[in-house]
Every structure is written in structure tokens, then in C-alpha cells.
$ cat upload.csv   # CSV, C-alpha atoms
chain,number,residue,atom,x,y,z
Z,62,MET,CA,-42.6,24.9,3.7
Z,63,SER,CA,-40.7,25.5,6.9
Z,64,PRO,CA,-37.7,23.4,7.9
Z,65,GLU,CA,-39.7,21.8,10.7
Z,66,GLN,CA,-42.5,20.8,8.3
Z,67,SER,CA,-39.9,19.4,5.9
Z,68,TRP,CA,-38.3,17.2,8.6
Z,69,LYS,CA,-41.7,16.1,9.8
Z,70,SER,CA,-42.6,15.1,6.2
Z,71,LEU,CA,-39.4,13.2,5.8
Z,72,ARG,CA,-40.0,11.3,9.1
Z,73,ASP,CA,-43.5,10.5,8.0
Z,74,ASP,CA,-42.2,9.1,4.7
Z,75,LEU,CA,-39.7,6.9,6.5
Z,76,ALA,CA,-42.3,5.7,9.0
Z,77,ALA,CA,-44.7,4.9,6.1
Z,78,ASP,CA,-42.1,2.6,4.4
Z,79,PRO,CA,-41.4,-0.2,6.8
Z,80,ALA,CA,-39.8,-2.5,4.2
Z,81,PRO,CA,-36.4,-3.8,5.4
Z,82,VAL,CA,-33.3,-2.4,3.8
Z,83,LYS,CA,-30.5,-4.7,2.8
Z,84,PRO,CA,-27.4,-3.5,4.6
Z,85,LEU,CA,-24.4,-2.4,2.6
Z,86,ARG,CA,-21.5,-4.8,2.9
Z,87,PRO,CA,-18.4,-3.4,4.7
Z,88,LEU,CA,-15.9,-1.7,2.4
Z,89,ARG,CA,-13.2,-4.3,3.4
Z,90,ALA,CA,-15.4,-7.1,2.0
Z,91,LEU,CA,-15.7,-5.3,-1.3
Z,92,ALA,CA,-11.9,-4.9,-1.7
Z,93,PRO,CA,-11.4,-8.4,-3.3
Z,94,TRP,CA,-13.9,-7.5,-6.0
Z,95,GLY,CA,-12.0,-4.3,-6.7
Z,96,LEU,CA,-8.8,-6.2,-7.0
Z,97,LEU,CA,-10.3,-8.6,-9.4
Z,98,ILE,CA,-11.5,-5.7,-11.6
Z,99,VAL,CA,-8.0,-4.2,-11.7
Z,100,LEU,CA,-6.3,-7.5,-12.4
Z,101,GLY,CA,-8.8,-8.3,-15.1
Z,102,LEU,CA,-8.2,-4.9,-16.8
Z,103,LEU,CA,-4.4,-5.4,-16.5
Z,104,THR,CA,-4.6,-8.9,-17.9
Z,105,VAL,CA,-6.6,-7.8,-20.9
Z,106,LEU,CA,-4.1,-4.9,-21.5
Z,107,ILE,CA,-1.0,-7.1,-21.4
Z,108,ALA,CA,-2.5,-9.8,-23.5
Z,109,THR,CA,-3.8,-7.5,-26.2
Z,110,VAL,CA,-1.2,-4.7,-26.3
Z,111,GLY,CA,1.9,-5.9,-24.3
Z,112,LEU,CA,4.2,-4.1,-21.9
Z,113,ARG,CA,5.8,-0.8,-22.8
Z,114,GLU,CA,8.8,-0.9,-25.2
Z,115,ASP,CA,11.3,0.3,-22.6
Z,116,ALA,CA,10.3,-2.4,-20.1
Z,117,ALA,CA,13.7,-4.1,-20.4
Z,118,SER,CA,15.6,-0.9,-19.7
Z,119,LEU,CA,13.4,-0.1,-16.7
Z,120,GLY,CA,13.8,-3.5,-15.2
Z,121,PRO,CA,11.1,-5.2,-13.0
Z,122,ILE,CA,11.4,-2.9,-10.0
Z,123,TRP,CA,11.1,0.5,-11.9
Z,124,LEU,CA,8.5,-1.0,-14.3
Z,125,TRP,CA,6.1,-2.1,-11.5
Z,126,LEU,CA,7.0,0.2,-8.5
Z,127,PRO,CA,5.6,3.4,-10.0
Z,128,SER,CA,2.3,1.7,-10.9
Z,129,LEU,CA,2.1,0.1,-7.4
Z,130,ILE,CA,2.6,3.5,-5.8
Z,131,GLU,CA,-0.2,5.0,-8.0
Z,132,LEU,CA,-2.5,2.0,-7.2
Z,133,ALA,CA,-1.9,2.5,-3.5
Z,134,MET,CA,-2.9,6.2,-3.9
Z,135,ALA,CA,-5.9,5.2,-6.0
Z,136,VAL,CA,-7.1,2.8,-3.3
Z,137,TRP,CA,-6.8,5.5,-0.6
Z,138,LEU,CA,-8.8,8.0,-2.8
Z,139,LEU,CA,-11.5,5.5,-3.6
Z,140,ALA,CA,-11.8,4.4,0.0
Z,141,ALA,CA,-12.1,8.0,1.1
Z,142,GLY,CA,-14.8,8.7,-1.3
Z,143,LEU,CA,-16.7,5.5,-0.4
Z,144,GLU,CA,-16.6,6.5,3.3
Z,145,GLU,CA,-19.5,8.8,2.3
Z,146,THR,CA,-21.8,5.8,2.4
Z,147,THR,CA,-21.5,5.8,6.2
Z,148,PRO,CA,-23.5,8.5,8.1
Z,149,GLY,CA,-21.3,10.6,10.2
Z,150,ARG,CA,-18.2,9.7,8.3
Z,151,GLY,CA,-17.0,11.3,5.1
Z,152,LEU,CA,-15.1,14.1,3.4
Z,153,ASN,CA,-14.9,17.8,4.3
Z,154,LYS,CA,-13.8,20.3,1.7
Z,155,ARG,CA,-10.2,20.3,2.9
Z,156,MET,CA,-10.0,16.6,2.7
Z,157,VAL,CA,-11.3,16.7,-0.9
Z,158,ALA,CA,-8.7,19.3,-1.8
Z,159,VAL,CA,-5.9,17.4,-0.2
Z,160,GLY,CA,-7.0,14.2,-2.0
Z,161,VAL,CA,-7.1,15.9,-5.4
Z,162,GLY,CA,-3.7,17.6,-4.8
Z,163,THR,CA,-2.0,14.4,-3.5
Z,164,GLY,CA,-3.4,12.3,-6.4
Z,165,ILE,CA,-2.0,14.7,-9.0
Z,166,LEU,CA,1.3,15.1,-7.2
Z,167,THR,CA,1.7,11.3,-7.0
Z,168,HIS,CA,1.0,11.0,-10.7
Z,169,CYS,CA,3.6,13.7,-11.5
Z,170,ALA,CA,6.2,12.2,-9.1
Z,171,VAL,CA,6.0,8.7,-10.5
Z,172,THR,CA,6.2,10.2,-14.0
Z,173,VAL,CA,9.5,11.9,-13.2
Z,174,LEU,CA,10.8,8.7,-11.5
Z,175,THR,CA,10.0,6.6,-14.6
Z,176,GLN,CA,11.5,9.2,-17.0
Z,177,GLN,CA,14.8,9.1,-15.0
Z,178,LYS,CA,15.0,5.4,-14.9
Z,179,GLY,CA,13.7,4.4,-18.3
Z,180,SER,CA,15.0,5.0,-21.8
Z,181,GLY,CA,12.9,8.2,-22.1
Z,182,LEU,CA,11.3,7.5,-25.4
Z,183,SER,CA,9.9,10.7,-26.7
Z,184,THR,CA,9.9,10.4,-30.5
Z,185,GLY,CA,6.3,11.1,-31.7
Z,186,SER,CA,5.0,11.4,-28.1
Z,187,MET,CA,3.4,14.7,-29.0
Z,188,ALA,CA,1.8,13.4,-32.1
Z,189,ALA,CA,-2.0,13.8,-32.1
Z,190,GLY,CA,-2.6,10.1,-32.6
Z,191,LYS,CA,-0.5,9.2,-29.5
Z,192,LEU,CA,-2.1,11.9,-27.4
Z,193,PHE,CA,-5.6,10.8,-28.3
Z,194,SER,CA,-4.9,7.1,-27.9
Z,195,CYS,CA,-3.4,7.5,-24.4
Z,196,PHE,CA,-6.2,9.9,-23.3
Z,197,GLY,CA,-8.9,7.6,-24.7
Z,198,ALA,CA,-7.3,4.4,-23.3
Z,199,GLU,CA,-7.1,5.8,-19.8
Z,200,LEU,CA,-10.6,7.2,-20.0
Z,201,LEU,CA,-11.9,3.7,-21.0
Z,202,LEU,CA,-10.0,2.1,-18.2
Z,203,ALA,CA,-11.3,4.5,-15.6
Z,204,ILE,CA,-15.0,4.4,-16.5
Z,205,PRO,CA,-15.7,0.8,-15.3
Z,206,ILE,CA,-13.9,1.6,-12.0
Z,207,LEU,CA,-16.0,4.8,-11.6
Z,208,VAL,CA,-19.2,3.0,-12.4
Z,209,VAL,CA,-18.6,0.4,-9.8
Z,210,ALA,CA,-17.8,3.1,-7.2
Z,211,ALA,CA,-20.9,5.0,-8.2
Z,212,LEU,CA,-23.1,1.9,-7.7
Z,213,ILE,CA,-21.6,1.4,-4.2
Z,214,LEU,CA,-22.3,5.0,-3.4
Z,215,ARG,CA,-25.9,4.7,-4.7
Z,216,ARG,CA,-26.5,1.7,-2.3
Z,217,GLY,CA,-25.3,3.6,0.8
Z,218,LEU,CA,-26.6,6.6,2.6
Z,219,THR,CA,-24.4,9.1,0.7
Z,220,THR,CA,-25.1,12.5,2.1
Z,221,ARG,CA,-22.6,14.5,-0.1
Z,222,PRO,CA,-22.5,12.8,-3.5
Z,223,ALA,CA,-20.6,15.6,-5.3
Z,224,ARG,CA,-17.7,15.4,-2.9
Z,225,ALA,CA,-17.7,11.6,-3.0
Z,226,GLY,CA,-17.8,11.8,-6.8
Z,227,ILE,CA,-14.7,14.0,-6.9
Z,228,ALA,CA,-12.8,11.5,-4.7
Z,229,VAL,CA,-13.8,8.4,-6.5
Z,230,GLY,CA,-13.3,10.2,-9.9
Z,231,ILE,CA,-9.7,11.1,-9.3
Z,232,GLY,CA,-9.2,7.6,-7.7
Z,233,ALA,CA,-10.5,5.9,-10.8
Z,234,GLY,CA,-8.3,8.2,-13.0
Z,235,VAL,CA,-5.1,7.5,-11.0
Z,236,CYS,CA,-5.9,3.8,-11.0
Z,237,ALA,CA,-6.3,3.8,-14.8
Z,238,ASP,CA,-3.0,5.7,-15.2
Z,239,ALA,CA,-1.3,3.1,-13.0
Z,240,LEU,CA,-2.4,0.4,-15.5
Z,241,TRP,CA,-1.8,2.4,-18.7
Z,242,ARG,CA,1.7,3.5,-17.7
Z,243,LEU,CA,2.7,-0.2,-18.0
Z,244,ILE,CA,1.8,0.1,-21.7
Z,245,CYS,CA,2.7,3.6,-22.8
Z,246,PRO,CA,6.4,4.0,-23.3
Z,247,TYR,CA,6.5,7.8,-23.5
Z,248,GLY,CA,7.9,9.4,-20.4
Z,249,ASP,CA,8.1,12.8,-21.9
Z,250,PHE,CA,6.5,15.2,-19.4
Z,251,ARG,CA,4.7,17.1,-22.2
Z,252,HIS,CA,3.1,13.9,-23.3
Z,253,VAL,CA,2.1,13.0,-19.8
Z,254,LEU,CA,0.6,16.4,-19.0
Z,255,SER,CA,-1.2,16.6,-22.3
Z,256,ALA,CA,-2.7,13.1,-22.4
Z,257,HIS,CA,-2.4,11.3,-19.1
Z,258,LEU,CA,-3.0,14.1,-16.6
Z,259,THR,CA,-5.8,15.5,-18.8
Z,260,SER,CA,-7.6,12.1,-18.7
Z,261,ILE,CA,-7.3,12.0,-14.9
Z,262,ILE,CA,-8.8,15.5,-14.6
Z,263,CYS,CA,-11.6,14.5,-17.0
Z,264,VAL,CA,-12.5,11.5,-14.9
Z,265,LEU,CA,-12.4,13.7,-11.8
Z,266,PHE,CA,-14.9,16.1,-13.4
Z,267,LEU,CA,-17.0,13.2,-14.6
Z,268,GLY,CA,-17.2,11.8,-11.0
Z,269,TRP,CA,-18.2,15.3,-9.7
Z,270,LEU,CA,-20.8,15.7,-12.5
Z,271,VAL,CA,-22.4,12.3,-11.7
Z,272,GLY,CA,-22.5,13.0,-8.0
Z,273,TYR,CA,-23.8,16.5,-8.4
Z,274,GLY,CA,-26.5,15.4,-10.9
Z,275,TRP,CA,-27.6,12.6,-8.6
Z,276,ASP,CA,-27.7,15.0,-5.6
Z,277,ARG,CA,-29.8,17.6,-7.5
Z,278,TRP,CA,-32.2,14.8,-8.8
Z,279,ARG,CA,-32.6,13.3,-5.3
Z,280,LEU,CA,-33.3,16.7,-3.7
Z,281,ARG,CA,-35.8,17.7,-6.4
Z,282,ASN,CA,-37.5,14.3,-6.0
Z,283,TRP,CA,-37.8,14.7,-2.2
Z,284,ARG,CA,-39.1,18.2,-2.5
Z,285,ARG,CA,-41.7,17.2,-4.9
Z,286,LYS,CA,-42.9,14.4,-2.6
Z,287,ALA,CA,-42.8,16.7,0.5
Z,288,ALA,CA,-44.7,19.5,-1.2
Z,289,PRO,CA,-48.3,19.8,0.1
Z,290,PRO,CA,-50.9,19.0,-2.5
Z,291,SER,CA,-52.3,22.0,-4.4
Z,292,SER,CA,-55.8,22.9,-3.5
Z,293,PRO,CA,-58.3,22.6,-6.4
Z,294,SER,CA,-59.2,25.8,-8.0
Z,295,SER,CA,-62.7,27.0,-7.3

$ encode --input "upload.csv" --output "C-alpha cells"
Amino acid sequence: MSPEQSWKSLRDDLAADPAPVKPLRPLRALAPWGLLIVLGLLTVLIATVGLREDAASLGPIWLWLPSLIELAMAVWLLAAGLEETTPGRGLNKRMVAVGVGTGILTHCAVTVLTQQKGSGLSTGSMAAGKLFSCFGAELLLAIPILVVAALILRRGLTTRPARAGIAVGIGAGVCADALWRLICPYGDFRHVLSAHLTSIICVLFLGWLVGYGWDRWRLRNWRRKAAPPSSPSS
């Protein structure tokens, strides 16, 4: 099928489906719901686990400031990814690379900041149990955020789901780290790189995988519908 025939088939499909489409709410209107999700996760964490052991030595400013910086970065990354729901607006490859790099650098910078200001607890920070618990906890925190972002992308006219998946994936990972760093007392850089950063990268990959899989499925579906019916064999 030539490109002209493919576009004609797509236009015919759209013309044959006059059902009204419910418009996607502006992203600004969705922000309060995102804030409620984050506050809900944070409340559950503090109520069930409590704040990190060196919270007193950090003080209120250095306990909360690094997390607020990471949350601001996460909001920027998530918003950039969700811009893909609007035709004509979205991410190019350079923006995706800058977003990933900035998210990782922000995570590393606030880790160094917290390590310098806190008590620097490191005993047992490289134990397998601690590594797995921090990795798993951040992954569990990031998945609900990623799912909500994916549902929003699904509702919009997302033209490049894989790029959007990368942006919202790393955004969800950084957001989860911002919450979990209020719980985990280990500022040792080896622990952070082994457990926390690895979790962020895994969520990034998961976001890309979901976006890429959805894109392939959508394209295959459209090609199947656009393919001319096979002639019966004589």
C-alpha cells in the first residue's frame, strides 16, 4: 500500500466514525490530582515507616529541601512527557536526552548535598537486604505515578509514545526517590548508586517499554485495518 493510499484509508476511517470524542482536560487541571497522589504516598510512608534516622541532624531545611528539589524536577519531566498528548507539541530526541541527564544529575546532586549535611550513616548500607528494600520501595512508589501518567497519555493524541514513556518514566522514578529519601538514612554514594539510581533507571526503561509496546501495537492494529481485503482464491 502506497503512502497516499494509507493516508486515504486513515481519513476514511476517521470520517466513518463521527462519534464525539471527550476532550482531554488541560494538564494544569490535572496537577491537583497529581499532588494528592504524592501527598497520599508520603503520608502512608511516614505513618508506616517514619522519617529517616538522621532527620534531627539534618534539620527541617536539609531534610525537606533536597526532596523538594527532586519533586520540582520530577514535575518538569512529567509535564514534558505529557506534552506529547497535544499535537504539534512534544519532545525531540535532544530534549529527551537533556531530560534524562538533568534528572540523573539532580538526583546525584541532592544525594551529595544530603550526605554533607547529614550524619552520613553508612553502616550496613551495602548489605543486600538494604539494597533490595530501597530498590523495591522506590519501584513500588514509582509504578502508581507511571500508571497514572500512562493513562493520561493513552487518552491524548500521543504521537511518540516511546519518547513520552522515557520522560514520564524518569519523572516517576525521580519523584519516588524524592519521597523515599525522606525514609532511607543511608547517604553513602555507593548505596545510592546501587539501589536508588538503579531503581530510577529501571522505571525509565519501564516507561520506554510501555510506550514502545503501545506504539507497535497501535501501528500494527492500524495497518491491519488499512490493509485491503484479500481476494478469495479461485

$ atom_distance --input "upload.csv" --atom1 "CA of Leu132 (chain Z)" --atom2 "CA of Gly274 (chain Z)"
27.7 Å

$ closest_residue --input "upload.csv" --among "Z:Leu139, Z:Ile231, Z:Ile244, Z:Leu280" --to "Leu106 (chain Z)" --atoms "all atoms listed in the file"
Z:Ile244

$ closest_residue --input "upload.csv" --among "Z:Ile227, Z:Gly197, Z:Leu240, Z:Val171" --to "Gly111 (chain Z)" --atoms "all atoms listed in the file"
Z:Leu240

$ atom_distance --input "upload.csv" --atom1 "CA of Asp238 (chain Z)" --atom2 "CA of Val159 (chain Z)"
19.2 Å

$ closest_residue --input "upload.csv" --among "Z:Thr146, Z:Trp241, Z:Pro127, Z:His168" --to "Val99 (chain Z)" --atoms "only C-alpha atoms"
Z:Trp241

$ atom_distance --input "upload.csv" --atom1 "CA of His252 (chain Z)" --atom2 "CA of Cys195 (chain Z)"
9.2 Å
